[in-house]
>>> print(open('start-v4.cif').read())   # mmCIF, C-alpha atoms
data_my_file
#
loop_
_atom_site.label_atom_id
_atom_site.label_comp_id
_atom_site.auth_asym_id
_atom_site.auth_seq_id
_atom_site.Cartn_x
_atom_site.Cartn_y
_atom_site.Cartn_z
CA MET A 1 -6.90 -9.57 27.55
CA SER A 2 -7.96 -9.87 23.93
CA GLN A 3 -5.22 -9.96 21.34
CA LEU A 4 -7.55 -9.03 18.48
CA TYR A 5 -6.83 -5.61 16.97
CA ALA A 6 -8.21 -3.87 13.91
CA GLY A 7 -6.08 -1.63 11.70
CA LEU A 8 -7.33 1.02 9.29
CA MET A 9 -5.28 2.76 6.64
CA SER A 10 -6.14 5.45 4.11
CA GLY A 11 -3.01 6.70 2.43
CA THR A 12 -1.85 9.52 0.19
CA SER A 13 -3.11 7.67 -2.88
CA LEU A 14 -6.66 8.57 -1.71
CA ASP A 15 -8.05 5.38 -3.21
CA GLY A 16 -10.01 4.48 -0.09
CA VAL A 17 -9.68 2.55 3.16
CA ASP A 18 -8.11 -0.83 3.87
CA GLY A 19 -9.09 -2.51 7.12
CA VAL A 20 -7.84 -5.71 8.72
CA LEU A 21 -8.60 -7.71 11.83
CA VAL A 22 -5.43 -9.20 13.27
CA ASP A 23 -4.80 -11.85 15.91
CA PHE A 24 -1.60 -11.15 17.84
CA SER A 25 -1.85 -14.14 20.18
CA ALA A 26 0.90 -16.08 18.35
CA ILE A 27 4.51 -15.12 17.65
CA ARG A 28 3.62 -13.90 14.15
CA PRO A 29 0.49 -11.80 13.58
CA ARG A 30 -2.33 -13.54 11.71
CA VAL A 31 -4.76 -11.55 9.58
CA LEU A 32 -8.27 -12.90 10.08
CA GLY A 33 -10.08 -10.63 7.65
CA HIS A 34 -9.56 -7.80 5.16
CA VAL A 35 -12.02 -5.23 3.81
CA SER A 36 -11.39 -2.47 1.25
CA ALA A 37 -13.82 0.40 0.72
CA PRO A 38 -13.45 3.21 -1.83
CA PHE A 39 -14.05 6.81 -0.85
CA PRO A 40 -17.22 8.44 -2.13
CA ALA A 41 -16.20 10.72 -5.01
CA ALA A 42 -17.13 13.91 -3.13
CA LEU A 43 -15.09 12.91 -0.08
CA LYS A 44 -12.06 11.97 -2.17
CA GLN A 45 -12.20 15.34 -3.92
CA GLU A 46 -12.52 17.21 -0.63
CA LEU A 47 -9.61 15.34 0.95
CA LEU A 48 -7.49 16.15 -2.08
CA LEU A 49 -8.44 19.84 -1.93
CA LEU A 50 -7.65 20.00 1.79
CA ASN A 51 -4.02 19.15 0.99
CA THR A 52 -3.63 22.81 0.01
CA SER A 53 -4.83 26.05 1.55
CA GLY A 54 -8.39 27.10 0.73
CA PRO A 55 -11.43 28.89 2.11
CA ASP A 56 -13.04 27.83 5.40
CA GLU A 57 -10.51 25.06 5.93
CA LEU A 58 -11.25 24.38 9.60
CA HIS A 59 -14.96 23.85 8.98
CA ARG A 60 -14.42 21.74 5.88
CA ALA A 61 -11.68 19.67 7.54
CA ALA A 62 -13.89 18.89 10.54
CA LEU A 63 -16.74 17.70 8.33
CA ALA A 64 -14.36 15.72 6.12
CA GLY A 65 -13.02 14.03 9.26
CA ASN A 66 -16.56 13.04 10.22
CA ALA A 67 -17.23 11.65 6.75
CA LEU A 68 -13.93 9.77 6.75
CA VAL A 69 -14.70 8.16 10.09
CA ARG A 70 -18.09 6.98 8.84
CA VAL A 71 -16.25 5.07 6.10
CA TYR A 72 -13.89 3.73 8.77
CA ALA A 73 -16.83 2.60 10.92
CA ASP A 74 -18.46 0.86 7.97
CA VAL A 75 -15.21 -0.99 7.25
CA CYS A 76 -15.02 -2.06 10.90
CA ALA A 77 -18.61 -3.33 10.79
CA GLN A 78 -17.86 -5.32 7.65
CA LEU A 79 -14.78 -6.82 9.31
CA MET A 80 -16.78 -7.89 12.36
CA ARG A 81 -19.37 -9.59 10.15
CA GLN A 82 -16.76 -11.22 7.92
CA CYS A 83 -14.85 -12.66 10.87
CA GLN A 84 -17.95 -13.34 12.97
CA VAL A 85 -16.45 -11.37 15.83
CA ASP A 86 -18.29 -9.06 18.22
CA ALA A 87 -16.93 -5.59 18.84
CA SER A 88 -16.49 -6.47 22.52
CA GLN A 89 -13.87 -9.04 21.50
CA VAL A 90 -11.63 -6.45 19.79
CA ARG A 91 -9.15 -4.73 22.08
CA ALA A 92 -8.67 -1.61 19.94
CA VAL A 93 -8.75 -0.13 16.45
CA GLY A 94 -5.67 1.61 15.09
CA ALA A 95 -6.99 4.47 12.92
CA HIS A 96 -4.30 6.51 11.19
CA GLY A 97 -6.53 9.21 9.67
CA GLN A 98 -5.91 11.02 6.40
CA THR A 99 -2.73 13.05 6.10
CA VAL A 100 -3.36 16.48 4.59
CA ARG A 101 -0.22 18.30 5.79
CA HIS A 102 3.20 16.97 6.71
CA ARG A 103 5.80 19.61 7.52
CA PRO A 104 8.12 18.31 10.27
CA HIS A 105 10.96 20.60 11.40
CA GLN A 106 9.66 23.49 9.32
CA PHE A 107 8.64 27.05 10.23
CA ASP A 108 9.46 27.00 13.98
CA GLY A 109 11.95 24.14 14.24
CA THR A 110 9.32 21.60 15.31
CA GLY A 111 6.84 21.81 12.46
CA TYR A 112 3.72 19.71 12.41
CA THR A 113 1.83 16.84 10.82
CA VAL A 114 -1.95 16.82 10.34
CA GLN A 115 -4.13 13.76 9.86
CA LEU A 116 -7.86 14.36 9.49
CA ASN A 117 -9.67 12.04 11.85
CA GLN A 118 -12.42 11.97 14.47
CA PRO A 119 -11.35 9.12 16.74
CA ALA A 120 -13.91 9.98 19.42
CA LEU A 121 -16.68 9.60 16.84
CA LEU A 122 -15.16 6.33 15.63
CA ALA A 123 -15.19 4.99 19.21
CA GLU A 124 -18.87 5.96 19.49
CA LEU A 125 -19.80 4.35 16.18
CA THR A 126 -17.89 1.10 16.67
CA GLY A 127 -18.05 0.53 20.41
CA ILE A 128 -14.31 -0.26 20.31
CA ASP A 129 -11.41 1.65 21.85
CA VAL A 130 -9.61 3.69 19.20
CA VAL A 131 -5.91 4.51 18.99
CA ALA A 132 -5.10 7.47 16.75
CA ASP A 133 -2.66 10.38 16.28
CA PHE A 134 0.40 8.19 15.78
CA ARG A 135 2.74 10.75 14.22
CA SER A 136 2.64 13.87 16.38
CA ARG A 137 4.57 12.51 19.38
CA ASP A 138 7.52 11.61 17.18
CA VAL A 139 7.47 15.09 15.60
CA ALA A 140 7.35 16.63 19.08
CA ALA A 141 10.44 14.58 19.95
CA GLY A 142 12.32 16.07 17.01
CA GLY A 143 11.53 13.33 14.51
CA GLN A 144 10.04 13.22 11.04
CA GLY A 145 6.89 11.43 12.22
CA ALA A 146 7.33 9.16 9.20
CA PRO A 147 7.62 6.53 8.04
CA LEU A 148 5.95 4.66 10.90
CA VAL A 149 5.96 1.17 9.42
CA PRO A 150 9.67 0.07 9.58
CA PRO A 151 9.39 -1.28 13.16
CA PHE A 152 6.43 -3.39 12.05
CA HIS A 153 8.31 -4.51 8.94
CA GLN A 154 11.08 -5.66 11.28
CA ALA A 155 8.58 -7.52 13.46
CA PHE A 156 6.97 -9.28 10.48
CA PHE A 157 9.76 -9.72 7.91
CA GLY A 158 12.85 -9.49 10.11
CA HIS A 159 13.27 -13.27 10.31
CA LEU A 160 14.31 -13.42 6.65
CA PRO A 161 18.05 -14.04 6.21
CA GLY A 162 20.43 -11.38 4.95
CA ILE A 163 19.53 -7.84 3.93
CA THR A 164 15.90 -7.27 2.97
CA GLY A 165 14.28 -4.14 1.59
CA VAL A 166 10.58 -3.61 2.17
CA LEU A 167 9.21 -1.04 -0.25
CA ASN A 168 5.75 0.43 0.16
CA ILE A 169 4.51 2.17 -2.98
CA GLY A 170 1.44 4.14 -2.01
CA GLY A 171 0.85 7.73 -3.00
CA ILE A 172 4.35 8.31 -1.62
CA SER A 173 6.94 5.51 -1.54
CA ASN A 174 8.92 4.53 1.52
CA ILE A 175 11.49 1.87 2.24
CA SER A 176 12.62 -0.14 5.26
CA VAL A 177 16.02 -1.84 5.29
CA LEU A 178 16.26 -4.93 7.51
CA ASN A 179 19.38 -6.94 8.29
CA SER A 180 19.07 -10.31 10.04
CA ASP A 181 22.66 -9.95 11.27
CA ALA A 182 21.91 -6.57 12.85
CA PRO A 183 18.23 -6.61 13.86
CA ASP A 184 18.54 -3.38 15.85
CA ALA A 185 19.94 -1.45 12.88
CA VAL A 186 16.68 -0.86 11.02
CA ILE A 187 16.58 2.17 8.77
CA GLY A 188 13.68 3.59 6.82
CA PHE A 189 12.63 6.76 5.04
CA ASP A 190 10.47 8.14 2.26
CA CYS A 191 11.87 7.65 -1.23
CA GLY A 192 9.68 10.15 -3.09
CA PRO A 193 6.50 9.95 -5.15
CA GLY A 194 4.88 6.56 -5.51
CA ASN A 195 1.52 6.49 -7.26
CA ALA A 196 0.35 10.04 -6.54
CA LEU A 197 1.74 11.77 -9.64
CA MET A 198 1.01 8.84 -11.94
CA ASP A 199 -2.59 8.58 -10.72
CA ALA A 200 -3.25 12.30 -11.12
CA TRP A 201 -1.77 12.39 -14.63
CA CYS A 202 -3.73 9.29 -15.63
CA MET A 203 -7.01 10.76 -14.35
CA THR A 204 -6.42 14.03 -16.19
CA HIS A 205 -5.63 12.41 -19.54
CA THR A 206 -7.61 9.18 -19.57
CA GLY A 207 -10.35 9.64 -16.98
CA ALA A 208 -9.20 6.49 -15.16
CA PRO A 209 -8.26 6.85 -11.47
CA PHE A 210 -5.02 4.91 -11.98
CA ASP A 211 -2.96 3.26 -14.70
CA ASP A 212 -4.06 -0.37 -14.43
CA GLN A 213 -0.91 -2.53 -14.25
CA GLY A 214 1.00 0.36 -15.81
CA ARG A 215 -0.32 -0.54 -19.26
CA TRP A 216 -0.64 3.07 -20.41
CA ALA A 217 2.86 3.95 -19.22
CA ALA A 218 4.17 0.95 -21.15
CA THR A 219 2.88 2.48 -24.40
CA GLY A 220 4.99 5.60 -23.90
CA GLY A 221 8.67 6.34 -23.89
CA VAL A 222 10.77 7.77 -21.09
CA HIS A 223 11.93 11.31 -21.85
CA GLY A 224 15.47 11.55 -20.51
CA ALA A 225 15.64 15.31 -20.04
CA LEU A 226 12.31 15.44 -18.23
CA LEU A 227 13.31 12.53 -16.02
CA GLN A 228 16.54 14.30 -15.08
CA SER A 229 14.62 17.49 -14.32
CA LEU A 230 12.33 15.53 -11.99
CA LEU A 231 15.27 13.80 -10.31
CA ASP A 232 16.98 17.17 -9.77
CA GLU A 233 14.50 17.85 -6.95
CA PRO A 234 16.72 18.35 -3.85
CA PHE A 235 14.65 15.93 -1.77
CA PHE A 236 16.16 12.97 -3.61
CA THR A 237 19.69 13.77 -2.47
CA GLN A 238 18.80 14.64 1.13
CA THR A 239 20.30 12.32 3.71
CA PRO A 240 17.80 10.31 5.79
CA PRO A 241 15.94 10.62 8.09
CA LYS A 242 13.55 12.27 5.67
CA SER A 243 9.88 12.22 4.79
CA THR A 244 7.66 13.90 2.26
CA GLY A 245 4.12 14.05 0.91
CA ARG A 246 1.75 15.97 -1.31
CA ASP A 247 3.12 19.16 0.26
CA LEU A 248 6.00 18.74 -2.20
CA PHE A 249 5.09 16.18 -4.86
CA ASN A 250 1.84 17.56 -6.23
CA GLY A 251 0.25 18.90 -9.40
CA PRO A 252 1.85 22.37 -9.30
CA TRP A 253 5.29 20.80 -8.73
CA LEU A 254 4.82 18.62 -11.80
CA GLN A 255 3.50 21.47 -13.93
CA THR A 256 6.57 23.53 -13.07
CA LYS A 257 8.80 20.68 -14.18
CA LEU A 258 6.79 20.24 -17.40
CA ALA A 259 7.06 23.91 -18.38
CA GLY A 260 9.74 23.28 -20.98
CA PHE A 261 8.30 20.04 -22.33
CA SER A 262 4.92 21.03 -23.76
CA ASP A 263 5.37 18.93 -26.89
CA LEU A 264 5.43 15.57 -25.07
CA ARG A 265 2.67 13.03 -25.58
CA PRO A 266 0.68 12.30 -22.39
CA GLN A 267 1.73 8.65 -22.43
CA ASP A 268 5.39 9.70 -22.60
CA VAL A 269 4.92 11.81 -19.48
CA GLN A 270 3.24 8.83 -17.80
CA ALA A 271 6.14 6.58 -18.75
CA THR A 272 8.56 9.15 -17.33
CA LEU A 273 6.60 9.43 -14.08
CA ALA A 274 6.64 5.64 -13.75
CA GLU A 275 10.38 5.69 -14.32
CA LEU A 276 10.74 8.42 -11.68
CA THR A 277 9.04 6.16 -9.13
CA ALA A 278 11.06 3.11 -10.11
CA ARG A 279 14.38 4.96 -10.37
CA SER A 280 14.05 6.87 -7.09
CA CYS A 281 13.13 3.66 -5.25
CA ALA A 282 15.89 1.62 -6.88
CA ASP A 283 18.46 4.31 -6.09
CA CYS A 284 17.49 4.06 -2.41
CA VAL A 285 17.99 0.28 -2.47
CA LEU A 286 21.36 0.58 -4.16
CA GLU A 287 22.62 3.25 -1.76
CA PHE A 288 21.14 2.14 1.56
CA ALA A 289 20.61 -1.61 1.11
CA PRO A 290 23.68 -2.71 -0.87
CA GLY A 291 23.93 -6.45 -1.06
CA SER A 292 20.23 -6.93 -0.48
CA THR A 293 18.96 -10.25 -1.76
CA ARG A 294 15.27 -9.35 -1.91
CA LEU A 295 12.96 -6.38 -2.24
CA ILE A 296 9.46 -6.98 -0.88
CA VAL A 297 6.96 -4.60 -2.47
CA CYS A 298 3.61 -3.69 -0.93
CA GLY A 299 0.96 -1.02 -1.40
CA GLY A 300 -0.96 -0.36 -4.59
CA GLY A 301 2.27 -0.05 -6.56
CA ALA A 302 2.85 -3.78 -6.17
CA PHE A 303 0.07 -4.24 -8.76
CA ASN A 304 1.76 -1.96 -11.28
CA THR A 305 3.41 -4.56 -13.49
CA HIS A 306 5.32 -1.92 -15.44
CA VAL A 307 6.91 -0.38 -12.34
CA MET A 308 7.70 -3.82 -10.91
CA THR A 309 9.40 -4.78 -14.20
CA ARG A 310 11.45 -1.60 -14.12
CA LEU A 311 12.51 -2.27 -10.51
CA GLU A 312 13.71 -5.72 -11.55
CA ALA A 313 15.72 -4.23 -14.40
CA LEU A 314 17.27 -1.55 -12.19
CA LEU A 315 18.16 -4.02 -9.42
CA PRO A 316 19.95 -6.97 -11.04
CA GLY A 317 20.70 -9.70 -8.55
CA CYS A 318 17.93 -8.63 -6.21
CA VAL A 319 14.66 -10.60 -6.22
CA VAL A 320 11.75 -8.15 -6.51
CA ALA A 321 8.52 -9.70 -5.28
CA SER A 322 5.10 -8.76 -3.99
CA SER A 323 4.57 -9.12 -0.23
CA GLU A 324 1.93 -11.71 -1.19
CA ALA A 325 4.81 -14.16 -1.57
CA PHE A 326 5.71 -13.55 2.09
CA ASP A 327 2.27 -14.26 3.56
CA LEU A 328 0.93 -10.71 3.69
CA PRO A 329 -0.88 -9.33 0.62
CA PRO A 330 0.15 -5.83 -0.54
CA LEU A 331 -3.07 -4.07 0.51
CA GLN A 332 -2.93 -5.57 3.99
CA VAL A 333 0.58 -4.56 5.03
CA GLU A 334 0.00 -0.98 6.16
CA ALA A 335 -3.37 -1.69 7.77
CA THR A 336 -1.75 -4.54 9.70
CA ALA A 337 1.02 -2.17 10.72
CA PHE A 338 -1.52 0.18 12.29
CA ALA A 339 -3.14 -2.69 14.15
CA TRP A 340 0.36 -3.48 15.47
CA LEU A 341 0.96 0.19 16.35
CA ALA A 342 -2.35 0.26 18.25
CA ARG A 343 -1.25 -2.80 20.22
CA GLN A 344 2.10 -1.20 21.03
CA CYS A 345 0.29 1.87 22.37
CA VAL A 346 -2.21 -0.11 24.45
CA GLU A 347 0.61 -2.16 25.95
CA ARG A 348 2.69 0.99 26.59
CA LYS A 349 5.52 -0.14 24.32
CA THR A 350 7.58 2.11 22.10
CA ALA A 351 6.85 1.97 18.39
CA SER A 352 9.24 4.43 16.80
CA LEU A 353 12.92 4.13 15.99
CA LYS A 354 15.46 6.94 16.27
CA SER A 355 17.33 5.41 13.34
CA VAL A 356 14.24 5.87 11.15
CA THR A 357 12.66 9.19 12.13
CA GLY A 358 15.58 10.97 13.77
CA ALA A 359 13.66 11.62 17.00
CA ARG A 360 15.64 12.00 20.21
CA SER A 361 14.71 8.46 21.20
CA ALA A 362 11.98 5.87 20.77
CA ARG A 363 8.48 6.94 21.84
CA ILE A 364 5.11 5.38 22.60
CA LEU A 365 2.96 6.57 19.71
CA GLY A 366 -0.76 7.32 19.64
CA GLY A 367 -3.54 8.41 21.93
CA VAL A 368 -6.35 6.18 23.19
CA TYR A 369 -10.04 7.07 22.87
CA PRO A 370 -12.01 4.66 25.07
CA SER A 371 -15.29 3.35 23.69
CA SER A 372 -17.08 4.02 27.01
CA GLU A 373 -16.58 5.89 30.27
#
>>> encode(input="start-v4.cif", output="structure tokens")
Amino acid sequence: MSQLYAGLMSGTSLDGVDGVLVDFSAIRPRVLGHVSAPFPAALKQELLLLNTSGPDELHRAALAGNALVRVYADVCAQLMRQCQVDASQVRAVGAHGQTVRHRPHQFDGTGYTVQLNQPALLAELTGIDVVADFRSRDVAAGGQGAPLVPPFHQAFFGHLPGITGVLNIGGISNISVLNSDAPDAVIGFDCGPGNALMDAWCMTHTGAPFDDQGRWAATGGVHGALLQSLLDEPFFTQTPPKSTGRDLFNGPWLQTKLAGFSDLRPQDVQATLAELTARSCADCVLEFAPGSTRLIVCGGGAFNTHVMTRLEALLPGCVVASSEAFDLPPLQVEATAFAWLARQCVERKTASLKSVTGARSARILGGVYPSSE
């Protein structure tokens, strides 16, 4: 059976889709190709709007799922051409979908998580089996449904000696803590906002979709009282397992926090938001990965030089480095994780960890949509 799997990831940063083709025939996965595709502006705006309640949501969400999958299918086609591989050679595509709601445990004790997707359409468009809906089984089993990547981080980075933190800074940041002396004791959870608040503030005040390398934040100054107000959010002191998203860390949340700070320069707010990301992530390392010798950073935040510099300052004695230095570039990590998750599902292997999500026990994650009858 083929050991080629594709992985697709579009995260809370809403910057587009990353796709990889991965060969799992050896002990360590090998990425054969990588394609990134931005979202069309109208689709990005609609996906952002669908994070909150609005008119005709079911209709709009269904059409947005179709449009999202067409971007996914185009990324898959580009991957096949880049790697000179036929669709028939790929065992499955792991397609996460776009999270627009994430409320585990809430309302009725079970809660829910919603990822816009149309995996049946993706199977039709690509001619490849599709594995999707990775989070809901864990939520049904009493878990957070997030983060999903720590088991993959263990599979890929777990050979490194000592205690290693793997920090993904996407729209939301999450961390995995790996210990070579206790490989079964993986922990992981969401730290808080990653790029989401910084990107939104940057777009509002500069017109740029993100703060390139954190240059704009570096021109401002951190406002101590505002930073403390942001850090007073109860989520930061909750005990893991825990997860979050735009349901909490969004524009209205930030505006509420800014209510008493109307005299601040926009660049000072940006500097404070960057410090919020760095501080909340560093605090997680210090509390849950004491003695760690390295912090491997992936996701778009790995390219934010200002945030990376702040992490280094806040974590003396810990080497802070991009995942590029460990043979997996930052924009390929999560997509590769979903290729791995697809493989786990196809092979009927568990892919969640009770120690990460808090579910009753490990579960096989995802549902399979065959490409043909």
>>> resolve_selection(input="start-v4.cif", expression="the PyMOL selection byres ((chain A and resi 101) around 9)", output="count of residues only")
14
>>> closest_residue(input="start-v4.cif", among="A:Leu79, A:Ala37, A:Leu116, A:Ala302", to="A:Gly65", atoms="all atoms listed in the file")
A:Leu116
>>> resolve_selection(input="start-v4.cif", expression="the PyMOL selection byres ((chain A and resi 72) around 9)", output="number ranges by chain")
A: 8-9, 17-19, 37, 67-71, 73-77, 95, 122
>>> resolve_selection(input="start-v4.cif", expression="the PyMOL selection byres ((chain A and resi 211-217) around 10)", output="VMD selection string")
chain A and resid 195 198 to 203 206 208 to 210 218 to 222 266 to 275 300 to 309
>>> residues_around(input="start-v4.cif", residues="A:Met1", least_positions_apart="5", cutoff="10 Å", atoms="all atoms listed in the file", output="NGL selection string")
:A and (89-91)
>>> residues_around(input="start-v4.cif", residues="A:Ser25", least_positions_apart="4", cutoff="12 Å", atoms="only C-alpha atoms", output="list in words")
Met1, Ser2, Gln3, Leu4, Tyr5, Pro29, Arg30, Val31, Trp340 and Arg343 of chain A
>>> residues_around(input="start-v4.cif", residues="A:Thr237", least_positions_apart="5", cutoff="12 Å", atoms="all atoms listed in the file", output="list in words")
Asp190, Cys191, Gly192, Leu231, Asp232, Lys242, Ser280, Asp283, Cys284 and Glu287 of chain A
>>> write_last_selection(input="start-v4.cif", atoms="C-alpha atoms", output="PDB file, in the frame of the given file")
ATOM      1  CA  ASP A 190      10.470   8.140   2.260  1.00  0.00           C
ATOM      2  CA  CYS A 191      11.870   7.650  -1.230  1.00  0.00           C
ATOM      3  CA  GLY A 192       9.680  10.150  -3.090  1.00  0.00           C
ATOM      4  CA  LEU A 231      15.270  13.800 -10.310  1.00  0.00           C
ATOM      5  CA  ASP A 232      16.980  17.170  -9.770  1.00  0.00           C
ATOM      6  CA  LYS A 242      13.550  12.270   5.670  1.00  0.00           C
ATOM      7  CA  SER A 280      14.050   6.870  -7.090  1.00  0.00           C
ATOM      8  CA  ASP A 283      18.460   4.310  -6.090  1.00  0.00           C
ATOM      9  CA  CYS A 284      17.490   4.060  -2.410  1.00  0.00           C
ATOM     10  CA  GLU A 287      22.620   3.250  -1.760  1.00  0.00           C
TER      11      GLU A 287
END
>>> atom_distance(input="start-v4.cif", atom1="atom CA of A:Pro161", atom2="atom CA of A:Pro316")
18.7 Å
>>> build_atoms(input="start-v4.cif", residues="stretch 149-160 of chain A", atoms="N, CA and C atoms", output="tab-separated table (two decimals), in the frame of the given file")
chain	number	residue	atom	x	y	z
A	149	VAL	N	6.09	2.62	9.59
A	149	VAL	CA	5.96	1.17	9.42
A	149	VAL	C	7.26	0.35	9.56
A	150	PRO	N	8.47	0.93	9.48
A	150	PRO	CA	9.67	0.07	9.58
A	150	PRO	C	9.74	-0.81	10.82
A	151	PRO	N	9.35	-0.35	12.03
A	151	PRO	CA	9.39	-1.28	13.16
A	151	PRO	C	8.47	-2.48	12.97
A	152	PHE	N	7.30	-2.26	12.35
A	152	PHE	CA	6.43	-3.39	12.05
A	152	PHE	C	7.05	-4.29	10.99
A	153	HIS	N	7.65	-3.70	9.96
A	153	HIS	CA	8.31	-4.51	8.94
A	153	HIS	C	9.37	-5.41	9.59
A	154	GLN	N	10.09	-4.86	10.57
A	154	GLN	CA	11.08	-5.66	11.28
A	154	GLN	C	10.42	-6.80	12.04
A	155	ALA	N	9.28	-6.50	12.68
A	155	ALA	CA	8.58	-7.52	13.46
A	155	ALA	C	8.04	-8.63	12.56
A	156	PHE	N	7.61	-8.29	11.34
A	156	PHE	CA	6.97	-9.28	10.48
A	156	PHE	C	7.93	-9.96	9.52
A	157	PHE	N	8.86	-9.17	8.94
A	157	PHE	CA	9.76	-9.72	7.91
A	157	PHE	C	11.20	-9.90	8.39
A	158	GLY	N	11.47	-9.50	9.62
A	158	GLY	CA	12.85	-9.49	10.11
A	158	GLY	C	13.50	-10.84	10.25
A	159	HIS	N	12.70	-11.93	10.19
A	159	HIS	CA	13.27	-13.27	10.31
A	159	HIS	C	13.96	-13.73	9.03
A	160	LEU	N	13.72	-13.01	7.91
A	160	LEU	CA	14.31	-13.42	6.65
A	160	LEU	C	15.82	-13.21	6.68
